[in-house]
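Asker: The structure file input-v3.pdb (PDB, C-alpha atoms) is provided below.
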ATOM      1  CA  MET K   1     -33.254  -6.903   4.595
ATOM      2  CA  VAL K   2     -31.166  -9.487   2.853
ATOM      3  CA  ARG K   3     -27.750  -9.743   4.433
ATOM      4  CA  PRO K   4     -24.977  -9.932   1.881
ATOM      5  CA  ARG K   5     -23.215 -13.246   1.700
ATOM      6  CA  LEU K   6     -19.862 -13.362   3.418
ATOM      7  CA  VAL K   7     -17.115 -15.072   1.529
ATOM      8  CA  GLN K   8     -15.537 -17.789   3.580
ATOM      9  CA  VAL K   9     -11.866 -18.352   3.086
ATOM     10  CA  GLU K  10     -11.248 -22.045   3.067
ATOM     11  CA  PRO K  11      -8.513 -23.224   5.380
ATOM     12  CA  GLU K  12      -7.202 -25.551   2.692
ATOM     13  CA  GLY K  13      -3.981 -24.746   0.916
ATOM     14  CA  ALA K  14      -1.634 -22.007   2.063
ATOM     15  CA  PRO K  15      -2.796 -20.101   5.141
ATOM     16  CA  LEU K  16      -3.635 -16.422   4.713
ATOM     17  CA  GLY K  17      -0.383 -15.348   6.301
ATOM     18  CA  ALA K  18       1.567 -17.188   3.594
ATOM     19  CA  ARG K  19      -0.349 -15.602   0.712
ATOM     20  CA  THR K  20       1.181 -12.909  -1.446
ATOM     21  CA  ASP K  21      -0.082  -9.344  -1.307
ATOM     22  CA  ASP K  22      -1.736  -9.827  -4.691
ATOM     23  CA  GLU K  23      -3.535 -12.968  -3.530
ATOM     24  CA  LEU K  24      -4.758 -11.222  -0.391
ATOM     25  CA  MET K  25      -6.044  -8.294  -2.433
ATOM     26  CA  LEU K  26      -7.860 -10.679  -4.767
ATOM     27  CA  LEU K  27      -9.442 -12.363  -1.760
ATOM     28  CA  ALA K  28     -10.384  -8.922  -0.432
ATOM     29  CA  LYS K  29     -11.890  -8.186  -3.825
ATOM     30  CA  ALA K  30     -14.061 -11.269  -3.364
ATOM     31  CA  GLY K  31     -15.184  -9.844  -0.011
ATOM     32  CA  ALA K  32     -12.789 -11.586   2.386
ATOM     33  CA  ARG K  33     -12.232  -9.001   5.086
ATOM     34  CA  ASP K  34      -9.963 -11.298   7.076
ATOM     35  CA  ALA K  35      -7.593 -11.423   4.082
ATOM     36  CA  PHE K  36      -7.549  -7.639   4.047
ATOM     37  CA  GLY K  37      -6.832  -7.667   7.768
ATOM     38  CA  VAL K  38      -3.806  -9.906   7.198
ATOM     39  CA  LEU K  39      -2.567  -7.502   4.537
ATOM     40  CA  ALA K  40      -3.034  -4.511   6.839
ATOM     41  CA  ARG K  41      -1.221  -6.300   9.673
ATOM     42  CA  ARG K  42       1.653  -7.207   7.347
ATOM     43  CA  HIS K  43       2.343  -3.640   6.232
ATOM     44  CA  MET K  44       0.922  -1.488   9.018
ATOM     45  CA  GLU K  45       4.163  -0.796  10.840
ATOM     46  CA  ARG K  46       6.124   0.321   7.795
ATOM     47  CA  LEU K  47       3.185   2.367   6.554
ATOM     48  CA  VAL K  48       2.793   4.222   9.850
ATOM     49  CA  ARG K  49       6.572   4.707  10.035
ATOM     50  CA  PHE K  50       6.603   6.227   6.548
ATOM     51  CA  CYS K  51       3.625   8.476   7.323
ATOM     52  CA  ALA K  52       5.012   9.498  10.713
ATOM     53  CA  LYS K  53       8.282  10.643   9.216
ATOM     54  CA  GLN K  54       6.340  12.530   6.569
ATOM     55  CA  VAL K  55       3.758  14.265   8.742
ATOM     56  CA  GLY K  56       5.860  14.500  11.889
ATOM     57  CA  ASP K  57       3.304  13.146  14.288
ATOM     58  CA  LEU K  58       2.606   9.573  15.287
ATOM     59  CA  ALA K  59      -1.119   9.967  16.026
ATOM     60  CA  ALA K  60      -1.663  11.833  12.747
ATOM     61  CA  ALA K  61       0.357   9.153  10.948
ATOM     62  CA  GLU K  62      -1.942   6.442  12.289
ATOM     63  CA  GLU K  63      -4.947   8.373  11.000
ATOM     64  CA  VAL K  64      -3.341   8.817   7.596
ATOM     65  CA  ALA K  65      -2.506   5.104   7.517
ATOM     66  CA  GLN K  66      -6.121   4.209   8.380
ATOM     67  CA  ASP K  67      -7.390   6.519   5.628
ATOM     68  CA  THR K  68      -5.027   4.766   3.242
ATOM     69  CA  TRP K  69      -6.316   1.299   4.140
ATOM     70  CA  ALA K  70      -9.936   2.461   3.964
ATOM     71  CA  TYR K  71      -9.252   3.837   0.492
ATOM     72  CA  LEU K  72      -7.674   0.554  -0.630
ATOM     73  CA  TRP K  73     -10.678  -1.361   0.650
ATOM     74  CA  ALA K  74     -13.142   0.967  -1.068
ATOM     75  CA  THR K  75     -11.315   0.667  -4.392
ATOM     76  CA  ARG K  76     -10.399  -3.021  -4.187
ATOM     77  CA  GLU K  77     -12.685  -3.872  -7.115
ATOM     78  CA  ARG K  78     -10.297  -2.031  -9.411
ATOM     79  CA  TYR K  79      -7.133  -3.725  -8.154
ATOM     80  CA  LEU K  80      -5.085  -5.436 -10.833
ATOM     81  CA  PRO K  81      -2.655  -8.056  -9.504
ATOM     82  CA  GLN K  82       0.677  -7.077 -11.004
ATOM     83  CA  GLY K  83       2.963  -7.712  -8.062
ATOM     84  CA  LYS K  84       3.008  -3.985  -7.286
ATOM     85  CA  PHE K  85       0.932  -3.727  -4.158
ATOM     86  CA  LEU K  86       3.589  -1.714  -2.313
ATOM     87  CA  VAL K  87       3.570   0.889  -5.067
ATOM     88  CA  LEU K  88      -0.191   1.266  -4.661
ATOM     89  CA  LEU K  89       0.095   1.364  -0.865
ATOM     90  CA  PHE K  90       2.800   4.023  -0.747
ATOM     91  CA  THR K  91       1.263   6.090  -3.534
ATOM     92  CA  ALA K  92      -2.037   6.209  -1.669
ATOM     93  CA  ALA K  93      -0.244   6.999   1.606
ATOM     94  CA  ARG K  94       1.938   9.627   0.012
ATOM     95  CA  ASN K  95      -1.092  11.429  -1.439
ATOM     96  CA  ARG K  96      -2.741  11.426   1.956
ATOM     97  CA  CYS K  97       0.408  12.776   3.598
ATOM     98  CA  VAL K  98       0.419  15.639   1.065
ATOM     99  CA  ASN K  99      -3.220  16.361   1.892
ATOM    100  CA  HIS K 100      -2.389  16.295   5.568
ATOM    101  CA  HIS K 101       0.335  18.878   4.990
ATOM    102  CA  ARG K 102      -2.150  21.103   3.209
ATOM    103  CA  GLY K 103      -4.629  20.787   6.041
ATOM    104  CA  ALA K 104      -2.285  21.176   8.962
ATOM    105  CA  ARG K 105       0.981  22.975   9.406
ATOM    106  CA  ARG K 106       3.791  20.498   9.782
ATOM    107  CA  LYS K 107       5.126  20.199  13.265
ATOM    108  CA  SER K 108       8.710  21.318  13.211
ATOM    109  CA  SER K 109       9.525  19.460  16.415
ATOM    110  CA  TRP K 110       8.755  16.090  14.779
ATOM    111  CA  LEU K 111       7.682  13.221  16.935
ATOM    112  CA  ALA K 112      11.131  13.506  18.411
ATOM    113  CA  PRO K 113      11.411  11.261  21.439
ATOM    114  CA  GLU K 114      12.914  13.803  23.786
ATOM    115  CA  GLY K 115      13.001  11.421  26.677
ATOM    116  CA  ASP K 116      10.282  10.321  29.036
ATOM    117  CA  GLY K 117      10.754  13.216  31.420
ATOM    118  CA  THR K 118      12.752  11.299  33.986
ATOM    119  CA  GLN K 119      16.102  12.747  35.032
ATOM    120  CA  VAL K 120      19.095  10.601  34.214
ATOM    121  CA  ASP K 121      22.093  10.698  36.502
ATOM    122  CA  LEU K 122      24.774  10.843  33.814
ATOM    123  CA  HIS K 123      27.567   9.997  36.267
ATOM    124  CA  ALA K 124      25.830   6.898  37.538
ATOM    125  CA  ALA K 125      24.420   5.750  34.203
ATOM    126  CA  ALA K 126      25.988   2.732  32.523
ATOM    127  CA  PRO K 127      28.071   3.483  29.391
ATOM    128  CA  SER K 128      25.616   1.518  27.248
ATOM    129  CA  HIS K 129      22.794   3.725  28.511
ATOM    130  CA  LEU K 130      24.781   6.846  27.676
ATOM    131  CA  ASP K 131      25.506   5.504  24.197
ATOM    132  CA  ALA K 132      21.819   4.825  23.694
ATOM    133  CA  LEU K 133      20.995   8.386  24.770
ATOM    134  CA  LEU K 134      23.539   9.791  22.333
ATOM    135  CA  VAL K 135      22.245   7.669  19.465
ATOM    136  CA  ARG K 136      18.695   8.743  20.209
ATOM    137  CA  GLU K 137      19.712  12.381  20.351
ATOM    138  CA  ARG K 138      21.531  12.135  17.022
ATOM    139  CA  GLN K 139      18.546  10.407  15.438
ATOM    140  CA  ARG K 140      16.276  13.129  16.751
ATOM    141  CA  GLY K 141      18.511  15.720  15.102
ATOM    142  CA  ILE K 142      18.458  13.843  11.786
ATOM    143  CA  LEU K 143      14.681  13.512  11.799
ATOM    144  CA  ALA K 144      14.289  17.185  12.705
ATOM    145  CA  ALA K 145      16.580  18.089   9.778
ATOM    146  CA  LEU K 146      14.538  15.789   7.544
ATOM    147  CA  ALA K 147      11.527  18.007   8.249
ATOM    148  CA  LYS K 148      13.409  21.007   6.832
ATOM    149  CA  ILE K 149      14.310  19.685   3.390
ATOM    150  CA  PRO K 150      11.956  19.868   0.358
ATOM    151  CA  PRO K 151       9.068  17.366   0.573
ATOM    152  CA  ALA K 152      10.015  15.593  -2.671
ATOM    153  CA  SER K 153      13.524  14.907  -1.376
ATOM    154  CA  ARG K 154      12.259  13.849   2.041
ATOM    155  CA  GLU K 155       9.794  11.467   0.449
ATOM    156  CA  ALA K 156      12.479  10.014  -1.814
ATOM    157  CA  LEU K 157      14.829   9.428   1.138
ATOM    158  CA  LEU K 158      12.088   7.793   3.202
ATOM    159  CA  LEU K 159      11.054   5.500   0.363
ATOM    160  CA  ARG K 160      14.617   4.591  -0.535
ATOM    161  CA  PHE K 161      16.272   4.113   2.850
ATOM    162  CA  GLY K 162      13.282   3.822   5.149
ATOM    163  CA  GLU K 163      11.209   1.424   3.056
ATOM    164  CA  GLU K 164      13.885   0.109   0.688
ATOM    165  CA  LEU K 165      11.851   0.537  -2.470
ATOM    166  CA  SER K 166      13.573   0.196  -5.834
ATOM    167  CA  TYR K 167      13.980   3.248  -8.029
ATOM    168  CA  GLU K 168      11.400   1.805 -10.422
ATOM    169  CA  GLU K 169       8.885   1.460  -7.588
ATOM    170  CA  MET K 170       9.711   4.941  -6.310
ATOM    171  CA  SER K 171       9.270   6.273  -9.822
ATOM    172  CA  ALA K 172       5.721   4.924  -9.869
ATOM    173  CA  VAL K 173       4.970   6.305  -6.404
ATOM    174  CA  GLN K 174       6.402   9.763  -7.015
ATOM    175  CA  GLY K 175       5.381  10.044 -10.651
ATOM    176  CA  ALA K 176       8.845  10.971 -11.905
ATOM    177  CA  VAL K 177      11.527   9.213 -13.911
ATOM    178  CA  PRO K 178      14.104   7.188 -11.931
ATOM    179  CA  SER K 179      16.921   9.617 -12.770
ATOM    180  CA  THR K 180      14.941  12.437 -11.144
ATOM    181  CA  ILE K 181      14.330  10.305  -8.067
ATOM    182  CA  ARG K 182      18.044   9.460  -7.839
ATOM    183  CA  SER K 183      18.790  13.140  -8.006
ATOM    184  CA  ARG K 184      16.305  13.798  -5.188
ATOM    185  CA  VAL K 185      17.991  11.164  -3.032
ATOM    186  CA  HIS K 186      21.431  12.656  -3.642
ATOM    187  CA  HIS K 187      20.297  16.241  -3.069
ATOM    188  CA  GLY K 188      18.350  15.253   0.006
ATOM    189  CA  LEU K 189      21.323  13.520   1.606
ATOM    190  CA  LYS K 190      23.628  16.428   0.807
ATOM    191  CA  GLU K 191      21.137  18.905   2.246
ATOM    192  CA  LEU K 192      20.745  16.861   5.393
ATOM    193  CA  ARG K 193      24.496  16.646   5.851
ATOM    194  CA  ALA K 194      24.848  20.393   5.328
ATOM    195  CA  LEU K 195      22.041  21.112   7.785
ATOM    196  CA  LEU K 196      23.500  18.840  10.446
ATOM    197  CA  ALA K 197      26.992  20.257   9.916
ATOM    198  CA  GLY K 198      25.544  23.771  10.318
ATOM    199  CA  GLU K 199      23.801  22.805  13.536
ATOM    200  CA  SER K 200      26.925  21.236  15.005
ATOM    201  CA  GLU K 201      28.886  24.419  14.173
ATOM    202  CA  GLU K 202      26.266  26.495  15.998
ATOM    203  CA  GLU K 203      26.587  24.391  19.128
ATOM    204  CA  PRO K 204      28.913  25.943  21.743
TER     205      PRO K 204
ATOM    206  CA  MET D   1      44.969  12.773  -0.294
ATOM    207  CA  THR D   2      44.323  13.494  -3.948
ATOM    208  CA  GLY D   3      41.672  11.919  -6.175
ATOM    209  CA  CYS D   4      39.048  11.856  -3.455
ATOM    210  CA  PRO D   5      35.620  10.611  -4.592
ATOM    211  CA  THR D   6      32.885  13.219  -4.838
ATOM    212  CA  GLU D   7      30.026  13.275  -2.368
ATOM    213  CA  ASP D   8      27.795  11.927  -5.139
ATOM    214  CA  GLU D   9      30.139   8.965  -5.614
ATOM    215  CA  LEU D  10      30.052   8.228  -1.890
ATOM    216  CA  ILE D  11      26.258   8.454  -1.911
ATOM    217  CA  ALA D  12      26.070   6.124  -4.926
ATOM    218  CA  LEU D  13      28.166   3.576  -3.010
ATOM    219  CA  LEU D  14      26.014   3.935   0.094
ATOM    220  CA  ASP D  15      22.892   3.606  -2.037
ATOM    221  CA  GLY D  16      24.160   0.428  -3.736
ATOM    222  CA  GLU D  17      24.033   2.191  -7.101
ATOM    223  CA  ALA D  18      27.759   2.418  -7.834
ATOM    224  CA  THR D  19      29.199   0.151 -10.536
ATOM    225  CA  ILE D  20      31.406  -2.736  -9.368
ATOM    226  CA  ASN D  21      34.557  -0.946 -10.491
ATOM    227  CA  ALA D  22      33.565   2.392  -8.989
ATOM    228  CA  ALA D  23      32.584   0.702  -5.731
ATOM    229  CA  ALA D  24      35.945  -1.102  -5.496
ATOM    230  CA  ARG D  25      37.819   2.118  -6.263
ATOM    231  CA  THR D  26      35.885   4.121  -3.663
ATOM    232  CA  ARG D  27      36.276   1.438  -1.006
ATOM    233  CA  ALA D  28      40.015   1.275  -1.609
ATOM    234  CA  HIS D  29      40.182   5.035  -1.282
ATOM    235  CA  LEU D  30      38.164   5.057   1.917
ATOM    236  CA  SER D  31      40.610   2.686   3.576
ATOM    237  CA  ASP D  32      43.398   5.221   3.006
ATOM    238  CA  CYS D  33      41.698   8.585   3.399
ATOM    239  CA  ALA D  34      40.563   9.716   6.838
ATOM    240  CA  ARG D  35      38.813  12.813   5.488
ATOM    241  CA  CYS D  36      36.621  10.786   3.114
ATOM    242  CA  ARG D  37      35.998   8.231   5.867
ATOM    243  CA  ALA D  38      34.620  11.035   8.016
ATOM    244  CA  VAL D  39      32.240  12.131   5.238
ATOM    245  CA  TRP D  40      31.244   8.494   4.702
ATOM    246  CA  SER D  41      30.489   8.079   8.412
ATOM    247  CA  GLU D  42      28.326  11.189   8.422
ATOM    248  CA  LEU D  43      26.336   9.945   5.430
ATOM    249  CA  GLU D  44      25.985   6.509   6.985
ATOM    250  CA  GLU D  45      24.730   8.009  10.220
ATOM    251  CA  ILE D  46      22.128  10.055   8.334
ATOM    252  CA  VAL D  47      20.846   6.973   6.516
ATOM    253  CA  ASN D  48      20.665   5.086   9.805
ATOM    254  CA  GLY D  49      18.714   7.996  11.260
ATOM    255  CA  ILE D  50      16.240   7.822   8.383
ATOM    256  CA  ARG D  51      15.851   4.088   9.043
ATOM    257  CA  ALA D  52      15.406   4.640  12.781
ATOM    258  CA  PRO D  53      12.450   2.744  14.182
ATOM    259  CA  LEU D  54       9.469   4.555  15.593
ATOM    260  CA  PRO D  55       8.332   4.531  19.164
ATOM    261  CA  ALA D  56       6.570   1.198  19.605
ATOM    262  CA  LEU D  57       3.417   0.980  17.548
ATOM    263  CA  ASP D  58       0.471  -1.125  18.668
ATOM    264  CA  VAL D  59      -0.089  -2.845  15.324
ATOM    265  CA  GLU D  60      -3.086  -4.870  16.519
ATOM    266  CA  ARG D  61      -4.866  -1.748  17.724
ATOM    267  CA  ALA D  62      -4.122   0.032  14.442
ATOM    268  CA  VAL D  63      -5.387  -2.940  12.390
ATOM    269  CA  ALA D  64      -8.518  -3.168  14.569
ATOM    270  CA  GLY D  65      -9.168   0.489  13.748
ATOM    271  CA  VAL D  66      -8.930  -0.268  10.028
ATOM    272  CA  MET D  67     -11.270  -3.243  10.332
ATOM    273  CA  ARG D  68     -13.810  -1.141  12.237
ATOM    274  CA  ARG D  69     -13.714   1.441   9.479
ATOM    275  CA  ILE D  70     -14.247  -0.996   6.670
ATOM    276  CA  GLU D  71     -17.095  -2.631   8.591
ATOM    277  CA  LEU D  72     -18.907   0.715   8.415
ATOM    278  CA  GLU D  73     -18.663   0.796   4.661
ATOM    279  CA  PRO D  74     -21.766  -0.602   2.935
ATOM    280  CA  ARG D  75     -20.770  -3.868   1.368
ATOM    281  CA  VAL D  76     -21.132  -4.222  -2.357
ATOM    282  CA  GLU D  77     -21.384  -7.778  -3.531
ATOM    283  CA  PRO D  78     -21.649  -8.016  -7.300
ATOM    284  CA  LEU D  79     -22.332 -11.759  -7.062
ATOM    285  CA  GLU D  80     -25.333 -11.211  -4.778
ATOM    286  CA  ARG D  81     -26.706  -8.574  -7.094
ATOM    287  CA  LYS D  82     -26.512 -10.979  -9.974
ATOM    288  CA  ARG D  83     -28.338 -13.630  -7.990
ATOM    289  CA  ARG D  84     -31.119 -11.276  -6.968
ATOM    290  CA  ALA D  85     -31.535 -10.245 -10.593
ATOM    291  CA  ALA D  86     -31.576 -13.842 -11.841
ATOM    292  CA  PRO D  87     -35.215 -14.877 -11.056
ATOM    293  CA  ALA D  88     -36.665 -11.840 -12.847
ATOM    294  CA  LEU D  89     -34.388 -12.441 -15.767
ATOM    295  CA  LEU D  90     -35.356 -16.119 -15.963
ATOM    296  CA  ALA D  91     -39.090 -15.342 -15.738
ATOM    297  CA  GLY D  92     -38.776 -12.852 -18.567
ATOM    298  CA  SER D  93     -36.871 -15.335 -20.664
ATOM    299  CA  PHE D  94     -39.493 -18.056 -20.101
ATOM    300  CA  ALA D  95     -42.327 -15.669 -20.961
ATOM    301  CA  ALA D  96     -40.598 -14.615 -24.163
ATOM    302  CA  ALA D  97     -39.872 -18.238 -25.088
ATOM    303  CA  ALA D  98     -43.486 -19.245 -24.397
ATOM    304  CA  ALA D  99     -44.834 -16.378 -26.523
ATOM    305  CA  ILE D 100     -42.571 -17.360 -29.378
ATOM    306  CA  ALA D 101     -43.569 -21.026 -29.052
ATOM    307  CA  ILE D 102     -47.293 -20.193 -29.038
ATOM    308  CA  ALA D 103     -46.963 -17.894 -32.023
ATOM    309  CA  PHE D 104     -44.912 -20.471 -33.852
ATOM    310  CA  SER D 105     -47.315 -23.321 -33.074
ATOM    311  CA  THR D 106     -50.336 -21.190 -34.049
ATOM    312  CA  LEU D 107     -48.793 -20.338 -37.340
ATOM    313  CA  ARG D 108     -47.821 -23.924 -37.918
ATOM    314  CA  THR D 109     -51.115 -25.482 -36.748
ATOM    315  CA  PRO D 110     -52.623 -27.290 -39.703
ATOM    316  CA  SER D 111     -56.214 -26.633 -40.601
ATOM    317  CA  PRO D 112     -58.888 -29.178 -39.465
ATOM    318  CA  ASP D 113     -59.262 -30.337 -43.041
ATOM    319  CA  ALA D 114     -55.569 -31.022 -43.266
ATOM    320  CA  LEU D 115     -55.660 -32.908 -39.987
ATOM    321  CA  ARG D 116     -58.587 -34.969 -41.077
ATOM    322  CA  ALA D 117     -56.679 -35.863 -44.161
ATOM    323  CA  ARG D 118     -53.650 -36.890 -42.134
ATOM    324  CA  PHE D 119     -55.228 -38.828 -39.271
ATOM    325  CA  ARG D 120     -57.697 -41.609 -38.975
ATOM    326  CA  ASP D 121     -61.127 -40.789 -37.458
ATOM    327  CA  ASP D 122     -60.391 -42.289 -34.061
ATOM    328  CA  VAL D 123     -57.376 -40.064 -33.602
ATOM    329  CA  ILE D 124     -59.323 -37.008 -34.676
ATOM    330  CA  ASP D 125     -61.944 -37.788 -32.012
ATOM    331  CA  GLU D 126     -59.296 -37.535 -29.321
ATOM    332  CA  ILE D 127     -58.614 -33.894 -30.126
ATOM    333  CA  PRO D 128     -62.114 -32.464 -30.321
ATOM    334  CA  ALA D 129     -61.041 -28.909 -29.739
ATOM    335  CA  PHE D 130     -59.715 -28.811 -33.235
ATOM    336  CA  PHE D 131     -62.764 -30.424 -34.696
ATOM    337  CA  PRO D 132     -65.900 -28.681 -33.587
TER     338      PRO D 132
END
Can you present the structure in this file as structure tokens?
Answerer:
Amino acid sequence: MVRPRLVQVEPEGAPLGARTDDELMLLAKAGARDAFGVLARRHMERLVRFCAKQVGDLAAAEEVAQDTWAYLWATRERYLPQGKFLVLLFTAARNRCVNHHRGARRKSSWLAPEGDGTQVDLHAAAPSHLDALLVRERQRGILAALAKIPPASREALLLRFGEELSYEEMSAVQGAVPSTIRSRVHHGLKELRALLAGESEEEP
Amino acid sequence: MTGCPTEDELIALLDGEATINAAARTRAHLSDCARCRAVWSELEEIVNGIRAPLPALDVERAVAGVMRRIELEPRVEPLERKRRAAPALLAGSFAAAAAIAIAFSTLRTPSPDALRARFRDDVIDEIPAFFP
């Protein structure tokens, strides 16, 4: 069996880490797996973060992220370098998150870090530790509320504030005009605020 | 305080989408209005919550998983395919060219009488095949 030829990336010029996303995808298109690895390493954390806040589970988010990268690799021949790699990445991830929702009921508890199980002596704890606990608890509440709002609004909020995409980029990812996406962001924030206000009123 | 900005105007400021004038107006209002400052703080806290980092992710492990997956995919190398196809293509081309050349030369071969007329006897003796 004839082994396919591996494309060697020459060390001359800019190193892989300094290449743009488009350049790395073009190298991947030519068969350079190490270039694809650099691309995956560059965006893995934000991709998993986006997926985790969408599907509500870190392990599931990692699987969705891996599916996304595998898809990008399989379709690399069709990639057109237009400086819009992030749009492609988040569109592919978003579609996989939607599929995940169809296949598995969303976990309402989110990946909420509810502590590591150790008891904290609140009287003896340092003020900074208490502040950190409070911040974490508030964040847990916000992320739990995020799970309750419509998926389109949640997605828009995650892309806008979590991943800092422009409205034009979000428009391409979500397949809607920018004014609709803006409206989703505004509605989403208002819903979250209302939900959190309702929860704080319920607390004794 | 009267003339409070709407929630949408506060969100536009937080989102960086407010015009310069609107942003200046809202900021000036926020410095004077405790009620709006409270709403602003709530919105800011929500956005910070959305931005909250995840529990530590082992990026290297996640990337290794991706690389393992793409290793399993059968590689498709269009360049290699072209190279494998090249010898057959070249052989075919040569065969076609040879056939055309033979046909052309046969058609263009002058008759022995014509050759005899064109060449001296000693030259004709060197190509006996044409002069049985």
Asker: Around the point (5.3, -4.2, -9.0) in the file's coordinates, collect all residues with an atom within 12 Å, using all atoms listed in the file, and return them as a PDB file with C-alpha atoms, in the frame of the given file.
Answerer:
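Printed below is part-v9.pdb as written:
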ATOM      1  CA  ASP K  21      -0.082  -9.344  -1.307  1.00  0.00           C
ATOM      2  CA  ASP K  22      -1.736  -9.827  -4.691  1.00  0.00           C
ATOM      3  CA  LEU K  80      -5.085  -5.436 -10.833  1.00  0.00           C
ATOM      4  CA  PRO K  81      -2.655  -8.056  -9.504  1.00  0.00           C
ATOM      5  CA  GLN K  82       0.677  -7.077 -11.004  1.00  0.00           C
ATOM      6  CA  GLY K  83       2.963  -7.712  -8.062  1.00  0.00           C
ATOM      7  CA  LYS K  84       3.008  -3.985  -7.286  1.00  0.00           C
ATOM      8  CA  PHE K  85       0.932  -3.727  -4.158  1.00  0.00           C
ATOM      9  CA  LEU K  86       3.589  -1.714  -2.313  1.00  0.00           C
ATOM     10  CA  VAL K  87       3.570   0.889  -5.067  1.00  0.00           C
ATOM     11  CA  LEU K  88      -0.191   1.266  -4.661  1.00  0.00           C
ATOM     12  CA  LEU K  89       0.095   1.364  -0.865  1.00  0.00           C
ATOM     13  CA  PHE K  90       2.800   4.023  -0.747  1.00  0.00           C
ATOM     14  CA  LEU K 165      11.851   0.537  -2.470  1.00  0.00           C
ATOM     15  CA  SER K 166      13.573   0.196  -5.834  1.00  0.00           C
ATOM     16  CA  TYR K 167      13.980   3.248  -8.029  1.00  0.00           C
ATOM     17  CA  GLU K 168      11.400   1.805 -10.422  1.00  0.00           C
ATOM     18  CA  GLU K 169       8.885   1.460  -7.588  1.00  0.00           C
ATOM     19  CA  MET K 170       9.711   4.941  -6.310  1.00  0.00           C
ATOM     20  CA  SER K 171       9.270   6.273  -9.822  1.00  0.00           C
ATOM     21  CA  ALA K 172       5.721   4.924  -9.869  1.00  0.00           C
ATOM     22  CA  VAL K 173       4.970   6.305  -6.404  1.00  0.00           C
TER      23      VAL K 173
END
Asker: Between atom CA of K:Leu72 and atom CA of K:Leu143, what distance in Å does the model show, to one decimal?
Answerer: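 Interatomic distance, atom CA of K:Leu72 to atom CA of K:Leu143: 28.7 Å.
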Asker: Translate the PyMOL selection byres ((chain K and resi 147-153) around 8) into a concrete residue list for this structure, as a list in words.
Answerer: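 After applying the PyMOL selection byres ((chain K and resi 147-153) around 8), what remains is Gln54, Gly56, Ser108, Trp110, Leu143, Ala144, Ala145, Leu146, Arg154, Glu155, Ala156, Leu157, Arg184, Val185, His187, Gly188, Glu191 and Leu192 of chain K.
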Asker: Using only C-alpha atoms and a cut-off of 8 Å, which residues of chain K sit close to chain D? Please list them as number ranges by chain.
Answerer: K: 4-5, 31, 33, 37, 40-41, 44-45, 49, 62, 66, 69-70, 73-74, 113, 138-140, 142-143, 157-158, 161-162, 186, 189-190, 192-193
Asker: Between atom CA of K:Arg96 and atom CA of K:Thr68, measure the distance and give it in Å to one decimal.
Answerer: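 These atoms are spaced 7.2 Å apart.
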Asker: Using Å and a single decimal, report how far atom CA of K:Thr20 sits from atom CA of K:Gln174.
Answerer: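 Straight-line distance from atom CA of K:Gln174 to atom CA of K:Thr20 works out to 23.9 Å.
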Asker: Around all the atoms of stretch 66-78 of chain K listed in the file, draw an axis-aligned box and extend it by 8 Å on each of the six sides; I want its centre and edge lengths in Å to one decimal, as AutoDock Vina command-line options.
Answerer:
--center_x -9.1 --center_y 1.3 --center_z -0.5 --size_x 24.1 --size_y 26.4 --size_z 33.8
Asker: Have stretch 66-73 of chain K completed to N, CA, C and O atoms, please, and pass it along as a short mmCIF file (atom, residue, chain, number, x, y, z; two decimals), in the coordinates of the input.
Answerer:
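And here is the file that came out, selection-v2.cif:
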data_model
loop_
_atom_site.label_atom_id
_atom_site.label_comp_id
_atom_site.auth_asym_id
_atom_site.auth_seq_id
_atom_site.Cartn_x
_atom_site.Cartn_y
_atom_site.Cartn_z
N GLN K 66 -4.76 4.78 8.40
CA GLN K 66 -6.12 4.21 8.38
C GLN K 66 -6.90 4.69 7.16
O GLN K 66 -7.62 3.92 6.53
N ASP K 67 -6.73 5.98 6.84
CA ASP K 67 -7.39 6.52 5.63
C ASP K 67 -6.90 5.76 4.39
O ASP K 67 -7.69 5.47 3.49
N THR K 68 -5.62 5.47 4.39
CA THR K 68 -5.03 4.77 3.24
C THR K 68 -5.65 3.38 3.10
O THR K 68 -6.06 2.98 2.00
N TRP K 69 -5.74 2.65 4.20
CA TRP K 69 -6.32 1.30 4.14
C TRP K 69 -7.79 1.34 3.75
O TRP K 69 -8.28 0.51 3.00
N ALA K 70 -8.50 2.34 4.29
CA ALA K 70 -9.94 2.46 3.96
C ALA K 70 -10.10 2.73 2.47
O ALA K 70 -11.01 2.20 1.82
N TYR K 71 -9.21 3.54 1.93
CA TYR K 71 -9.25 3.84 0.49
C TYR K 71 -8.99 2.55 -0.32
O TYR K 71 -9.68 2.27 -1.30
N LEU K 72 -8.00 1.79 0.10
CA LEU K 72 -7.67 0.55 -0.63
C LEU K 72 -8.85 -0.42 -0.60
O LEU K 72 -9.12 -1.12 -1.57
N TRP K 73 -9.51 -0.47 0.54
CA TRP K 73 -10.68 -1.36 0.65
C TRP K 73 -11.79 -0.89 -0.28
O TRP K 73 -12.39 -1.68 -1.01
#
